[in-house]
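Containing mmCIF, C-alpha atoms and all ligand atoms: protein30.cif.
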data_target
loop_
_atom_site.label_atom_id
_atom_site.label_comp_id
_atom_site.auth_asym_id
_atom_site.auth_seq_id
_atom_site.Cartn_x
_atom_site.Cartn_y
_atom_site.Cartn_z
CA MET A 1 11.51 -1.94 9.52
CA LYS A 2 14.49 -0.30 7.78
CA ILE A 3 15.50 -2.40 4.79
CA LEU A 4 18.57 -2.36 2.54
CA VAL A 5 18.22 -4.22 -0.78
CA LEU A 6 21.47 -5.12 -2.54
CA GLY A 7 21.47 -5.42 -6.33
CA SER A 8 20.48 -3.56 -9.46
CA GLY A 9 18.23 -5.76 -11.57
CA ALA A 10 14.54 -6.18 -12.35
CA ARG A 11 14.51 -8.88 -9.65
CA GLU A 12 15.51 -6.30 -7.03
CA HIS A 13 12.93 -3.88 -8.42
CA ALA A 14 10.28 -6.62 -8.12
CA ILE A 15 11.34 -7.32 -4.52
CA ILE A 16 11.07 -3.61 -3.68
CA LYS A 17 7.69 -3.19 -5.36
CA ALA A 18 6.42 -6.30 -3.52
CA LEU A 19 7.71 -4.96 -0.18
CA ILE A 20 5.81 -1.72 -0.76
CA ARG A 21 2.68 -3.42 -2.10
CA THR A 22 2.52 -5.71 0.97
CA GLY A 23 2.85 -2.96 3.55
CA SER A 24 6.44 -1.68 3.83
CA ASP A 25 6.95 2.07 3.71
CA ALA A 26 8.96 3.15 0.64
CA GLN A 27 10.77 5.68 2.86
CA ASP A 28 12.22 2.78 4.89
CA ILE A 29 13.73 1.03 1.86
CA THR A 30 17.09 1.82 0.30
CA CYS A 31 18.71 0.05 -2.64
CA ALA A 32 22.41 -0.23 -3.46
CA PRO A 33 23.36 0.34 -6.16
CA GLY A 34 19.91 0.10 -7.77
CA ASN A 35 19.27 1.70 -11.15
CA GLY A 36 17.49 4.66 -12.74
CA GLY A 37 14.14 2.86 -12.72
CA ILE A 38 14.34 1.63 -9.12
CA ALA A 39 15.24 5.20 -8.09
CA GLN A 40 11.71 6.22 -9.15
CA ASP A 41 10.39 4.16 -6.19
CA VAL A 42 13.05 4.26 -3.44
CA THR A 43 16.36 5.94 -2.66
CA CYS A 44 19.29 4.34 -4.47
CA PHE A 45 22.92 5.04 -3.72
CA SER A 46 26.18 3.92 -5.16
CA LEU A 47 27.93 1.25 -3.09
CA ASP A 48 29.69 -1.91 -4.15
CA PRO A 49 27.28 -4.64 -2.95
CA THR A 50 30.12 -7.19 -2.84
CA ASN A 51 32.22 -5.14 -0.42
CA SER A 52 31.45 -6.68 2.99
CA SER A 53 32.88 -3.91 5.13
CA LEU A 54 31.20 -1.09 3.17
CA VAL A 55 27.82 -2.85 3.34
CA THR A 56 28.20 -3.66 7.04
CA ASP A 57 29.38 -0.17 8.02
CA TRP A 58 26.54 1.47 6.09
CA SER A 59 23.95 -0.87 7.63
CA ILE A 60 25.16 -0.13 11.16
CA ALA A 61 25.38 3.62 10.57
CA ASN A 62 21.85 3.67 9.13
CA LYS A 63 20.30 1.29 11.69
CA VAL A 64 19.18 -1.20 9.05
CA ASP A 65 16.89 -3.96 10.43
CA LEU A 66 17.07 -6.26 7.43
CA VAL A 67 19.44 -6.63 4.47
CA ILE A 68 18.03 -8.47 1.43
CA ILE A 69 20.68 -9.77 -0.94
CA GLY A 70 19.42 -10.02 -4.54
CA PRO A 71 22.24 -11.38 -6.75
CA GLU A 72 24.71 -14.20 -6.15
CA ALA A 73 27.93 -12.14 -6.27
CA PRO A 74 27.59 -10.64 -2.73
CA LEU A 75 26.70 -14.11 -1.38
CA VAL A 76 29.76 -15.70 -2.92
CA ALA A 77 31.83 -12.77 -1.58
CA GLY A 78 30.64 -13.51 1.99
CA VAL A 79 28.66 -10.31 2.56
CA SER A 80 25.99 -12.15 4.57
CA ASP A 81 28.64 -13.66 6.88
CA ALA A 82 30.01 -10.18 7.63
CA LEU A 83 26.52 -8.84 8.37
CA ARG A 84 25.65 -11.80 10.60
CA ALA A 85 28.90 -11.33 12.50
CA LYS A 86 27.59 -7.87 13.43
CA GLU A 87 24.17 -9.31 14.31
CA ILE A 88 22.39 -7.62 11.41
CA ALA A 89 19.49 -9.69 10.07
CA VAL A 90 20.26 -10.71 6.50
CA PHE A 91 18.19 -12.60 3.97
CA GLY A 92 20.82 -14.51 2.01
CA PRO A 93 22.92 -17.58 2.75
CA SER A 94 26.49 -17.66 4.05
CA GLN A 95 29.39 -17.99 1.63
CA ALA A 96 29.63 -21.70 2.53
CA ALA A 97 25.90 -22.35 1.98
CA ALA A 98 25.87 -20.34 -1.28
CA MET A 99 28.16 -23.07 -2.66
CA LEU A 100 24.91 -24.85 -3.56
CA GLU A 101 24.80 -22.38 -6.45
CA GLY A 102 28.52 -21.63 -6.76
CA SER A 103 29.60 -25.21 -7.41
CA LYS A 104 27.55 -27.70 -9.36
CA SER A 105 29.67 -30.62 -8.10
CA PHE A 106 29.08 -29.50 -4.49
CA ALA A 107 25.33 -29.37 -5.19
CA LYS A 108 25.50 -32.90 -6.65
CA GLU A 109 27.36 -34.12 -3.55
CA VAL A 110 24.70 -32.64 -1.24
CA MET A 111 21.91 -34.10 -3.36
CA ALA A 112 23.54 -37.54 -3.30
CA ALA A 113 23.90 -37.39 0.51
CA ALA A 114 20.30 -36.20 0.92
CA ASP A 115 18.85 -38.62 -1.65
CA VAL A 116 17.42 -35.80 -3.77
CA PRO A 117 16.41 -36.80 -7.33
CA THR A 118 18.73 -35.32 -9.97
CA GLY A 119 20.32 -36.28 -13.28
CA MET A 120 23.34 -38.60 -13.39
CA ALA A 121 26.54 -36.67 -13.94
CA MET A 122 30.29 -37.18 -14.28
CA GLU A 123 32.92 -34.73 -13.07
CA CYS A 124 35.72 -34.18 -15.56
CA ASP A 125 39.09 -32.46 -15.22
CA ASP A 126 40.31 -32.89 -18.80
CA LEU A 127 38.98 -33.25 -22.33
CA ALA A 128 39.60 -37.00 -22.49
CA GLN A 129 37.32 -37.49 -19.49
CA VAL A 130 34.72 -35.16 -21.06
CA GLU A 131 34.82 -37.17 -24.28
CA SER A 132 34.25 -40.48 -22.54
CA ALA A 133 31.40 -38.99 -20.45
CA LEU A 134 29.78 -37.67 -23.66
CA VAL A 135 29.98 -41.15 -25.19
CA ARG A 136 28.49 -42.67 -22.03
CA PHE A 137 25.46 -40.35 -21.84
CA GLY A 138 24.92 -39.84 -25.59
CA SER A 139 23.22 -36.98 -27.44
CA PRO A 140 21.79 -34.43 -26.63
CA TYR A 141 24.93 -33.55 -24.69
CA VAL A 142 24.71 -31.48 -21.48
CA VAL A 143 27.99 -29.85 -20.45
CA LYS A 144 28.23 -27.57 -17.40
CA ALA A 145 31.06 -25.48 -16.01
CA ASP A 146 31.49 -26.25 -12.31
CA GLY A 147 31.43 -22.66 -11.12
CA LEU A 148 29.72 -19.31 -11.60
CA ALA A 149 29.88 -18.37 -15.27
CA ALA A 150 27.39 -15.49 -15.51
CA GLY A 151 24.71 -17.70 -17.05
CA LYS A 152 27.05 -18.92 -19.81
CA GLY A 153 28.25 -22.13 -18.13
CA VAL A 154 25.79 -24.61 -19.60
CA ILE A 155 25.40 -25.92 -23.12
CA VAL A 156 22.89 -28.43 -24.39
CA ALA A 157 24.17 -29.51 -27.80
CA GLY A 158 23.24 -32.11 -30.38
CA ASP A 159 26.78 -32.41 -31.71
CA LYS A 160 29.86 -33.57 -29.90
CA ILE A 161 32.12 -30.91 -31.41
CA SER A 162 30.15 -28.02 -29.85
CA ALA A 163 29.95 -29.88 -26.53
CA LEU A 164 33.71 -30.48 -26.50
CA SER A 165 34.59 -26.94 -27.51
CA HIS A 166 32.32 -25.53 -24.74
CA ALA A 167 34.11 -27.80 -22.24
CA LYS A 168 37.54 -26.81 -23.55
CA GLY A 169 36.81 -23.11 -23.02
CA PHE A 170 36.24 -23.67 -19.30
CA ILE A 171 38.96 -26.30 -18.81
CA ASP A 172 41.44 -23.79 -20.31
CA LYS A 173 40.36 -21.34 -17.58
CA GLY A 174 41.08 -23.97 -14.93
CA MET A 175 37.44 -24.89 -14.28
CA ARG A 176 36.11 -28.36 -13.74
CA ILE A 177 33.35 -29.70 -16.01
CA LEU A 178 30.21 -31.70 -15.27
CA VAL A 179 28.74 -33.80 -18.05
CA GLU A 180 25.14 -34.67 -17.25
CA GLU A 181 22.49 -36.95 -18.69
CA PHE A 182 19.89 -35.06 -20.76
CA LEU A 183 16.60 -34.70 -18.92
CA ASP A 184 13.51 -34.33 -21.03
CA GLY A 185 10.43 -32.47 -19.79
CA GLN A 186 9.05 -29.14 -18.62
CA GLU A 187 11.22 -26.76 -16.63
CA VAL A 188 9.79 -25.41 -13.38
CA SER A 189 11.30 -22.96 -10.91
CA LEU A 190 10.13 -23.30 -7.33
CA PHE A 191 11.45 -20.96 -4.63
CA PHE A 192 11.64 -21.81 -0.94
CA LEU A 193 12.25 -19.44 1.92
CA SER A 194 14.49 -21.13 4.46
CA ASP A 195 15.56 -20.18 7.96
CA GLY A 196 18.09 -23.01 8.13
CA LYS A 197 15.62 -25.54 9.59
CA TYR A 198 12.21 -24.91 8.04
CA VAL A 199 11.19 -24.16 4.49
CA MET A 200 8.22 -22.35 3.00
CA PRO A 201 7.39 -22.73 -0.69
CA LEU A 202 6.36 -19.78 -2.85
CA ALA A 203 4.38 -20.32 -6.08
CA PRO A 204 5.84 -22.30 -9.03
CA ALA A 205 6.87 -20.34 -12.12
CA GLN A 206 8.21 -21.10 -15.58
CA ASP A 207 11.14 -19.21 -17.08
CA PHE A 208 11.85 -18.89 -20.82
CA LYS A 209 15.62 -19.26 -21.12
CA ARG A 210 16.22 -19.12 -24.86
CA ALA A 211 16.57 -15.76 -26.59
CA PHE A 212 13.96 -16.22 -29.33
CA ASP A 213 10.44 -17.54 -29.89
CA ASN A 214 9.88 -21.32 -29.96
CA ASP A 215 12.87 -21.81 -27.65
CA GLU A 216 15.31 -20.94 -30.41
CA GLY A 217 18.61 -19.12 -30.10
CA PRO A 218 21.16 -19.03 -27.31
CA ASN A 219 20.50 -19.40 -23.57
CA THR A 220 19.92 -16.12 -21.74
CA GLY A 221 19.37 -15.06 -18.13
CA GLY A 222 15.64 -15.45 -18.87
CA MET A 223 13.36 -13.70 -21.37
CA GLY A 224 10.02 -14.03 -19.61
CA ALA A 225 8.04 -16.03 -17.07
CA TYR A 226 4.57 -16.82 -15.81
CA SER A 227 3.02 -18.06 -12.59
CA PRO A 228 1.22 -20.13 -11.38
CA LEU A 229 1.52 -23.24 -13.57
CA PRO A 230 -1.99 -24.67 -14.03
CA TRP A 231 -0.70 -27.85 -15.65
CA LEU A 232 1.27 -29.11 -12.64
CA PRO A 233 -0.08 -32.05 -10.61
CA GLU A 234 -1.86 -30.95 -7.44
CA ASP A 235 0.69 -32.47 -5.07
CA PHE A 236 3.69 -30.98 -6.92
CA VAL A 237 4.67 -28.38 -4.31
CA THR A 238 4.32 -30.90 -1.47
CA GLU A 239 6.44 -33.42 -3.35
CA VAL A 240 9.23 -30.91 -4.06
CA THR A 241 9.11 -29.74 -0.43
CA GLU A 242 9.47 -33.27 0.91
CA ARG A 243 11.80 -34.80 -1.65
CA VAL A 244 14.00 -31.82 -2.54
CA ALA A 245 13.89 -28.73 -0.32
CA LEU A 246 13.64 -30.24 3.17
CA PRO A 247 16.26 -32.97 2.68
CA THR A 248 18.65 -30.40 1.16
CA ILE A 249 18.16 -27.93 4.02
CA ARG A 250 18.63 -30.73 6.58
CA GLU A 251 21.81 -31.90 4.88
CA MET A 252 23.19 -28.35 4.88
CA GLU A 253 22.38 -28.04 8.59
CA ARG A 254 24.00 -31.42 9.31
CA ARG A 255 27.18 -30.18 7.61
CA GLY A 256 27.27 -27.16 9.91
CA THR A 257 26.48 -24.76 7.04
CA PRO A 258 22.77 -24.00 7.47
CA PHE A 259 21.09 -22.45 4.45
CA VAL A 260 19.30 -19.22 5.39
CA GLY A 261 17.73 -17.39 2.48
CA LEU A 262 16.13 -18.38 -0.77
CA LEU A 263 16.61 -21.90 -2.13
CA TYR A 264 15.81 -21.78 -5.84
CA CYS A 265 14.99 -25.26 -7.11
CA GLY A 266 15.38 -25.48 -10.89
CA LEU A 267 13.49 -28.64 -11.83
CA ILE A 268 12.62 -30.76 -14.82
CA VAL A 269 9.26 -32.47 -14.64
CA GLY A 270 9.20 -35.27 -17.16
CA SER A 271 8.82 -38.96 -17.81
CA LYS A 272 11.24 -39.77 -15.00
CA GLY A 273 9.30 -37.64 -12.49
CA ILE A 274 10.85 -34.62 -10.79
CA ARG A 275 14.60 -34.02 -11.17
CA VAL A 276 16.70 -31.11 -9.93
CA ILE A 277 18.78 -29.50 -12.68
CA GLU A 278 20.18 -26.72 -10.54
CA PHE A 279 20.03 -24.95 -7.23
CA ASN A 280 20.46 -21.23 -6.90
CA ALA A 281 20.97 -19.44 -3.61
CA ARG A 282 18.85 -16.39 -4.48
CA PHE A 283 15.61 -15.29 -6.11
CA GLY A 284 15.45 -16.06 -9.84
CA ASP A 285 15.20 -13.38 -12.49
CA PRO A 286 12.64 -13.01 -14.15
CA GLU A 287 10.57 -15.56 -12.13
CA THR A 288 10.58 -13.25 -9.07
CA GLN A 289 8.76 -10.61 -11.10
CA VAL A 290 5.73 -12.93 -11.47
CA VAL A 291 5.95 -14.83 -8.17
CA LEU A 292 6.13 -11.76 -5.94
CA ARG A 293 3.60 -9.84 -8.03
CA ARG A 294 0.91 -12.23 -6.70
CA LEU A 295 2.06 -12.23 -3.08
CA ILE A 296 -0.42 -10.93 -0.50
CA THR A 297 1.43 -11.72 2.77
CA PRO A 298 3.79 -8.96 3.97
CA LEU A 299 7.12 -9.78 2.29
CA ALA A 300 9.25 -7.90 4.84
CA SER A 301 7.96 -10.05 7.66
CA LEU A 302 8.42 -13.30 5.69
CA LEU A 303 12.03 -12.46 4.83
CA HIS A 304 12.78 -11.21 8.34
CA SER A 305 11.39 -14.47 9.81
CA SER A 306 13.67 -16.45 7.48
CA ALA A 307 16.65 -14.32 8.40
CA THR A 308 16.09 -14.71 12.13
CA GLY A 309 15.19 -18.40 12.46
CA GLN A 310 11.48 -17.81 12.99
CA LEU A 311 9.95 -19.32 9.88
CA GLY A 312 8.48 -22.16 11.97
CA SER A 313 6.05 -19.73 13.62
CA ALA A 314 5.36 -17.53 10.56
CA SER A 315 2.14 -17.84 8.58
CA GLU A 316 2.18 -19.46 5.13
CA PRO A 317 2.59 -17.05 2.21
CA GLU A 318 -0.69 -16.28 0.48
CA PHE A 319 -1.06 -15.47 -3.22
CA MET A 320 -3.82 -13.73 -5.14
CA ASP A 321 -6.03 -15.73 -7.53
CA GLU A 322 -4.95 -13.61 -10.50
CA VAL A 323 -2.17 -14.92 -12.74
CA ALA A 324 1.01 -13.06 -13.66
CA VAL A 325 3.05 -12.85 -16.86
CA THR A 326 6.32 -11.03 -17.46
CA VAL A 327 8.01 -10.24 -20.76
CA VAL A 328 11.63 -9.07 -20.81
CA LEU A 329 12.76 -6.32 -23.17
CA ALA A 330 16.40 -6.88 -24.18
CA SER A 331 18.92 -4.67 -25.95
CA GLU A 332 20.07 -5.27 -29.52
CA GLY A 333 22.46 -8.18 -29.70
CA TYR A 334 21.62 -9.66 -26.28
CA PRO A 335 22.91 -12.15 -25.20
CA THR A 336 25.76 -12.44 -27.70
CA SER A 337 26.91 -8.81 -28.02
CA SER A 338 26.32 -5.54 -26.24
CA ALA A 339 24.93 -2.27 -27.59
CA GLU A 340 25.89 1.31 -26.69
CA PRO A 341 23.50 3.02 -24.25
CA ARG A 342 20.29 4.09 -26.03
CA VAL A 343 17.28 6.11 -24.95
CA ILE A 344 14.12 4.31 -23.81
CA SER A 345 10.94 6.16 -24.76
CA GLY A 346 7.20 5.56 -24.74
CA LEU A 347 7.03 4.56 -21.08
CA ASP A 348 4.69 7.46 -20.36
CA GLN A 349 2.22 6.00 -22.89
CA ILE A 350 1.62 3.01 -20.62
CA ASP A 351 -1.34 3.70 -18.40
CA ASP A 352 -2.71 0.35 -17.37
CA GLU A 353 -3.50 -0.76 -13.82
CA HIS A 354 -2.72 -4.37 -14.82
CA VAL A 355 0.86 -3.50 -15.73
CA GLU A 356 4.00 -2.52 -13.87
CA ILE A 357 7.57 -2.14 -15.10
CA ASN A 358 10.54 -3.61 -13.27
CA PHE A 359 13.74 -1.98 -14.48
CA ALA A 360 17.12 -3.66 -14.88
CA ALA A 361 19.74 -2.07 -17.13
CA ALA A 362 18.39 1.47 -17.02
CA GLU A 363 20.16 4.68 -16.06
CA THR A 364 18.97 8.27 -15.92
CA ARG A 365 20.74 10.86 -18.09
CA ASN A 366 19.36 14.39 -18.25
CA ALA A 367 15.98 13.22 -17.00
CA GLU A 368 15.74 10.52 -19.66
CA LEU A 369 16.09 6.76 -19.12
CA PHE A 370 18.81 5.01 -21.11
CA ALA A 371 19.25 1.26 -21.58
CA ASN A 372 22.79 0.37 -20.56
CA GLY A 373 22.89 -3.43 -20.62
CA GLY A 374 21.41 -6.68 -21.93
CA ARG A 375 18.11 -7.22 -20.13
CA VAL A 376 16.64 -3.73 -19.87
CA LEU A 377 13.29 -4.15 -18.16
CA SER A 378 10.50 -6.61 -17.40
CA VAL A 379 6.91 -5.72 -18.19
CA VAL A 380 4.81 -7.47 -15.54
CA SER A 381 1.09 -7.93 -15.86
CA VAL A 382 -1.58 -9.50 -13.63
CA ALA A 383 -5.10 -10.42 -14.65
CA LYS A 384 -7.81 -13.00 -14.08
CA THR A 385 -6.69 -15.15 -17.02
CA PHE A 386 -3.44 -15.74 -18.88
CA HIS A 387 -5.12 -14.50 -22.05
CA LYS A 388 -5.81 -11.12 -20.44
CA ALA A 389 -2.45 -10.95 -18.68
CA ARG A 390 -0.61 -11.59 -21.96
CA LYS A 391 -2.75 -9.08 -23.81
CA HIS A 392 -1.95 -6.35 -21.28
CA ALA A 393 1.77 -7.20 -21.13
CA TYR A 394 2.21 -7.20 -24.92
CA LYS A 395 0.13 -4.07 -25.43
CA ALA A 396 2.38 -2.29 -22.95
CA ILE A 397 5.69 -3.56 -24.34
CA GLU A 398 4.65 -2.50 -27.86
CA LYS A 399 4.47 1.09 -26.61
CA ILE A 400 8.10 1.11 -25.51
CA SER A 401 10.66 2.30 -28.06
CA LEU A 402 14.27 1.23 -27.73
CA SER A 403 16.22 1.06 -30.95
CA GLY A 404 17.22 -2.51 -31.90
CA SER A 405 15.55 -4.06 -28.86
CA HIS A 406 13.84 -7.43 -28.91
CA TYR A 407 11.46 -9.55 -26.85
CA ARG A 408 9.80 -12.94 -27.13
CA THR A 409 6.20 -13.01 -28.31
CA ASP A 410 5.37 -16.49 -27.01
CA ILE A 411 5.66 -16.07 -23.23
CA ALA A 412 2.89 -18.09 -21.53
CA GLN A 413 1.37 -18.87 -24.92
CA LYS A 414 0.73 -22.49 -24.06
CA VAL A 415 -1.48 -21.52 -21.09
CA ASP A 416 -3.35 -18.83 -23.04
CA GLU A 417 -6.95 -20.10 -23.09
CA GLY A 418 -7.93 -17.79 -25.96
CA ASP A 419 -10.42 -14.98 -26.06
CA ASP A 420 -12.37 -14.76 -22.82
CA ASP A 421 -14.07 -11.39 -23.13
P1 LIG B 1 21.44 -24.58 -15.44
O1 LIG B 1 22.32 -23.38 -15.37
O2 LIG B 1 22.00 -25.80 -14.79
O3 LIG B 1 20.02 -24.28 -15.00
O4 LIG B 1 21.24 -24.89 -16.99
C1 LIG B 1 20.77 -23.94 -17.90
C2 LIG B 1 19.71 -24.53 -18.78
O5 LIG B 1 20.21 -25.66 -19.49
C3 LIG B 1 18.52 -25.08 -18.00
O6 LIG B 1 17.59 -24.10 -17.70
C4 LIG B 1 17.98 -26.10 -18.95
O7 LIG B 1 17.21 -25.49 -19.98
C5 LIG B 1 19.21 -26.66 -19.58
N1 LIG B 1 19.67 -27.87 -18.86
C6 LIG B 1 20.49 -27.94 -17.81
N2 LIG B 1 20.69 -29.20 -17.41
C7 LIG B 1 19.95 -29.98 -18.23
C8 LIG B 1 19.74 -31.38 -18.35
N3 LIG B 1 20.36 -32.26 -17.56
N4 LIG B 1 18.91 -31.81 -19.31
C9 LIG B 1 18.30 -30.94 -20.16
N5 LIG B 1 18.47 -29.61 -20.12
C10 LIG B 1 19.29 -29.12 -19.17
N1 LIG B 2 15.95 -17.25 -14.35
C1 LIG B 2 17.08 -18.01 -14.04
C2 LIG B 2 17.89 -17.55 -12.92
O1 LIG B 2 17.56 -16.61 -12.23
O2 LIG B 2 18.93 -18.15 -12.68
#

How does this structure look as structure tokens?
Amino acid sequence: MKILVLGSGAREHAIIKALIRTGSDAQDITCAPGNGGIAQDVTCFSLDPTNSSLVTDWSIANKVDLVIIGPEAPLVAGVSDALRAKEIAVFGPSQAAAMLEGSKSFAKEVMAAADVPTGMAMECDDLAQVESALVRFGSPYVVKADGLAAGKGVIVAGDKISALSHAKGFIDKGMRILVEEFLDGQEVSLFFLSDGKYVMPLAPAQDFKRAFDNDEGPNTGGMGAYSPLPWLPEDFVTEVTERVALPTIREMERRGTPFVGLLYCGLIVGSKGIRVIEFNARFGDPETQVVLRRLITPLASLLHSSATGQLGSASEPEFMDEVAVTVVLASEGYPTSSAEPRVISGLDQIDDEHVEINFAAAETRNAELFANGGRVLSVVSVAKTFHKARKHAYKAIEKISLSGSHYRTDIAQKVDEGDDD
């Protein structure tokens, strides 16, 4: 099966490594635009992944059997619609279905129609409305921009001044605001493959969103993750399938905008039970790095079945018993400021069968890898226990030198059972 992967992050690298690990031939995989690290595994070429006609023309000319869309930007730009119009199998929802991620008020409307549990929220068009919603829900205040904001759209603040000033920034840009009730509990990411009618759950993961240890500092794209989550109730996946994923997929189908691709359910599990805090229309980053690292079932066939309406007859995804941990290495200043490109060294010192590196902001210059963005790479480790997986991941990341870089030291700490040698 000839496969084109669109995107350039560690998520796309994880998808590619999982394709190869579960039976795809690396020669059959191409990535656009990819990055210097991904290019060590498959051919990468420069192409704007949001340009529908370029992607479609290239896929036809190169007889691509399946296009896998990694990030949200090509989805929102309608790249999957253009591919489908030319009868090319594509794993990624239509522009209309990707609105589940692109608009938080649309997602709330779908959830209300499908009776999916989520936090109460008020839509606001001006600051006076925001202020009265803040008073209604009380502190901590949750304020969300109602559109894609590159991971910077949400603030959870204890003081009203910060909440209002966050809202003002987006209102000034013409965006609507959602003020939501604060939901207390553990965050869980659960991914579902969907072919528009059926869903198949992958394994739950937990993402660490804040920049620094002990959940301090600003929100980021995600600084680490682990999977599975041993502390979840046994029926958790079944409950989310029946109360969240299936009703949402059915509602999207009823509206004439079937959701084909990956439904990312961002959940809070707390005293009020399970609540959806967000949907995304794509694999999460860095959760994908740990979820797909444990996959045994051929990924190409799972994604192709989703893309072609055949999930109902596909076999359930299987995962290995080992656990997976990923730690993200970020550039100096991330996420508040950006650093000039800097050399990454020490990678050749990592020689550990438990560990693989998924690259994100990495480019090759004169045969050396340079970090050229915020999240540079994810160190991914698998082992029998979380203690071992963490030990391997941290030993590996300590060997990498990147001036000014930082990473969290507490990823998966709460499930670390201590020394088990
Ligand atoms: P979102 O982009 O909607 O996932 O929000 C980003 C982050 O803000 C989430 O991962 C949570 O940590 C936090 N968050 C969002 N909504 C809520 C909420 N209603 N209550 C508490 N925390 C929230
Ligand atoms: N890890 C969060 C996201 O992918 O949106």

Compile the contact shell of region 252-267 of chain A as a PDB file with C-alpha atoms, in the frame of the given file: residues with an atom at most 6 Å away, counting only C-alpha atoms, same-chain residues fewer than 3 positions apart removed.
ATOM      1  CA  PHE A  91      18.190 -12.600   3.970  1.00  0.00           C
ATOM      2  CA  GLY A  92      20.820 -14.510   2.010  1.00  0.00           C
ATOM      3  CA  PRO A  93      22.920 -17.580   2.750  1.00  0.00           C
ATOM      4  CA  ALA A  97      25.900 -22.350   1.980  1.00  0.00           C
ATOM      5  CA  GLU A 187      11.220 -26.760 -16.630  1.00  0.00           C
ATOM      6  CA  VAL A 188       9.790 -25.410 -13.380  1.00  0.00           C
ATOM      7  CA  SER A 189      11.300 -22.960 -10.910  1.00  0.00           C
ATOM      8  CA  LEU A 190      10.130 -23.300  -7.330  1.00  0.00           C
ATOM      9  CA  PHE A 191      11.450 -20.960  -4.630  1.00  0.00           C
ATOM     10  CA  PHE A 192      11.640 -21.810  -0.940  1.00  0.00           C
ATOM     11  CA  LEU A 193      12.250 -19.440   1.920  1.00  0.00           C
ATOM     12  CA  SER A 194      14.490 -21.130   4.460  1.00  0.00           C
ATOM     13  CA  ASP A 195      15.560 -20.180   7.960  1.00  0.00           C
ATOM     14  CA  GLY A 196      18.090 -23.010   8.130  1.00  0.00           C
ATOM     15  CA  ILE A 249      18.160 -27.930   4.020  1.00  0.00           C
ATOM     16  CA  ARG A 275      14.600 -34.020 -11.170  1.00  0.00           C
ATOM     17  CA  VAL A 276      16.700 -31.110  -9.930  1.00  0.00           C
ATOM     18  CA  ILE A 277      18.780 -29.500 -12.680  1.00  0.00           C
ATOM     19  CA  GLU A 278      20.180 -26.720 -10.540  1.00  0.00           C
ATOM     20  CA  PHE A 279      20.030 -24.950  -7.230  1.00  0.00           C
ATOM     21  CA  ASN A 280      20.460 -21.230  -6.900  1.00  0.00           C
ATOM     22  CA  ALA A 281      20.970 -19.440  -3.610  1.00  0.00           C
ATOM     23  CA  ARG A 282      18.850 -16.390  -4.480  1.00  0.00           C
TER      24      ARG A 282
END

Specify the axis-aligned box that encloses all atoms of ligand LIG 2 (chain B) listed in the file after padding of 4 Å on each side, stating its centre and edge lengths in Å to one decimal as lines of an AutoDock Vina configuration file.
center_x = 17.4
center_y = -17.4
center_z = -13.3
size_x = 11.0
size_y = 9.5
size_z = 10.1

Rows by chain and residue number, chain A within 10 Å of ligand LIG 1 (chain B), shortest pair, all atoms listed in the file, as a tab-separated table:
residue	atom	partner	partner_atom	distance
A:Glu101	CA	B:LIG1	O1	9.3
A:Lys104	CA	B:LIG1	O2	8.0
A:Thr118	CA	B:LIG1	N3	8.3
A:Gly119	CA	B:LIG1	N3	5.9
A:Met120	CA	B:LIG1	N3	8.2
A:Ala121	CA	B:LIG1	N3	8.4
A:Pro140	CA	B:LIG1	C9	8.1
A:Tyr141	CA	B:LIG1	N4	8.3
A:Val142	CA	B:LIG1	C8	5.9
A:Val143	CA	B:LIG1	N2	7.9
A:Lys144	CA	B:LIG1	O2	7.0
A:Ala145	CA	B:LIG1	O1	9.0
A:Asp146	CA	B:LIG1	O2	9.8
A:Leu148	CA	B:LIG1	O1	9.2
A:Ala149	CA	B:LIG1	O1	9.1
A:Ala150	CA	B:LIG1	O1	9.4
A:Gly151	CA	B:LIG1	O1	6.4
A:Lys152	CA	B:LIG1	O1	7.9
A:Gly153	CA	B:LIG1	O1	6.7
A:Val154	CA	B:LIG1	O4	5.3
A:Ile155	CA	B:LIG1	O5	6.3
A:Val156	CA	B:LIG1	O5	6.2
A:Ala157	CA	B:LIG1	N5	9.6
A:Val179	CA	B:LIG1	N3	8.5
A:Glu180	CA	B:LIG1	N3	5.4
A:Glu181	CA	B:LIG1	N3	5.3
A:Phe182	CA	B:LIG1	N4	3.7
A:Leu183	CA	B:LIG1	N4	3.7
A:Asp184	CA	B:LIG1	C9	5.9
A:Gly185	CA	B:LIG1	C9	8.0
A:Gln186	CA	B:LIG1	O7	9.0
A:Glu187	CA	B:LIG1	O7	7.0
A:Val188	CA	B:LIG1	O6	9.0
A:Ser189	CA	B:LIG1	O6	9.3
A:Asp207	CA	B:LIG1	O6	8.1
A:Phe208	CA	B:LIG1	O6	8.4
A:Lys209	CA	B:LIG1	O6	6.2
A:Arg210	CA	B:LIG1	O7	8.1
A:Asp215	CA	B:LIG1	O7	9.6
A:Asn219	CA	B:LIG1	C2	7.1
A:Thr220	CA	B:LIG1	C1	8.8
A:Gly221	CA	B:LIG1	C1	9.0
A:Gly222	CA	B:LIG1	O6	8.9
A:Cys265	CA	B:LIG1	O3	9.4
A:Gly266	CA	B:LIG1	O3	6.3
A:Leu267	CA	B:LIG1	O3	8.5
A:Ile268	CA	B:LIG1	C9	7.8
A:Arg275	CA	B:LIG1	N3	8.8
A:Val276	CA	B:LIG1	N3	8.5
A:Ile277	CA	B:LIG1	N2	5.1
A:Glu278	CA	B:LIG1	O2	4.7
A:Phe279	CA	B:LIG1	O3	7.8
A:Asn280	CA	B:LIG1	O3	8.7
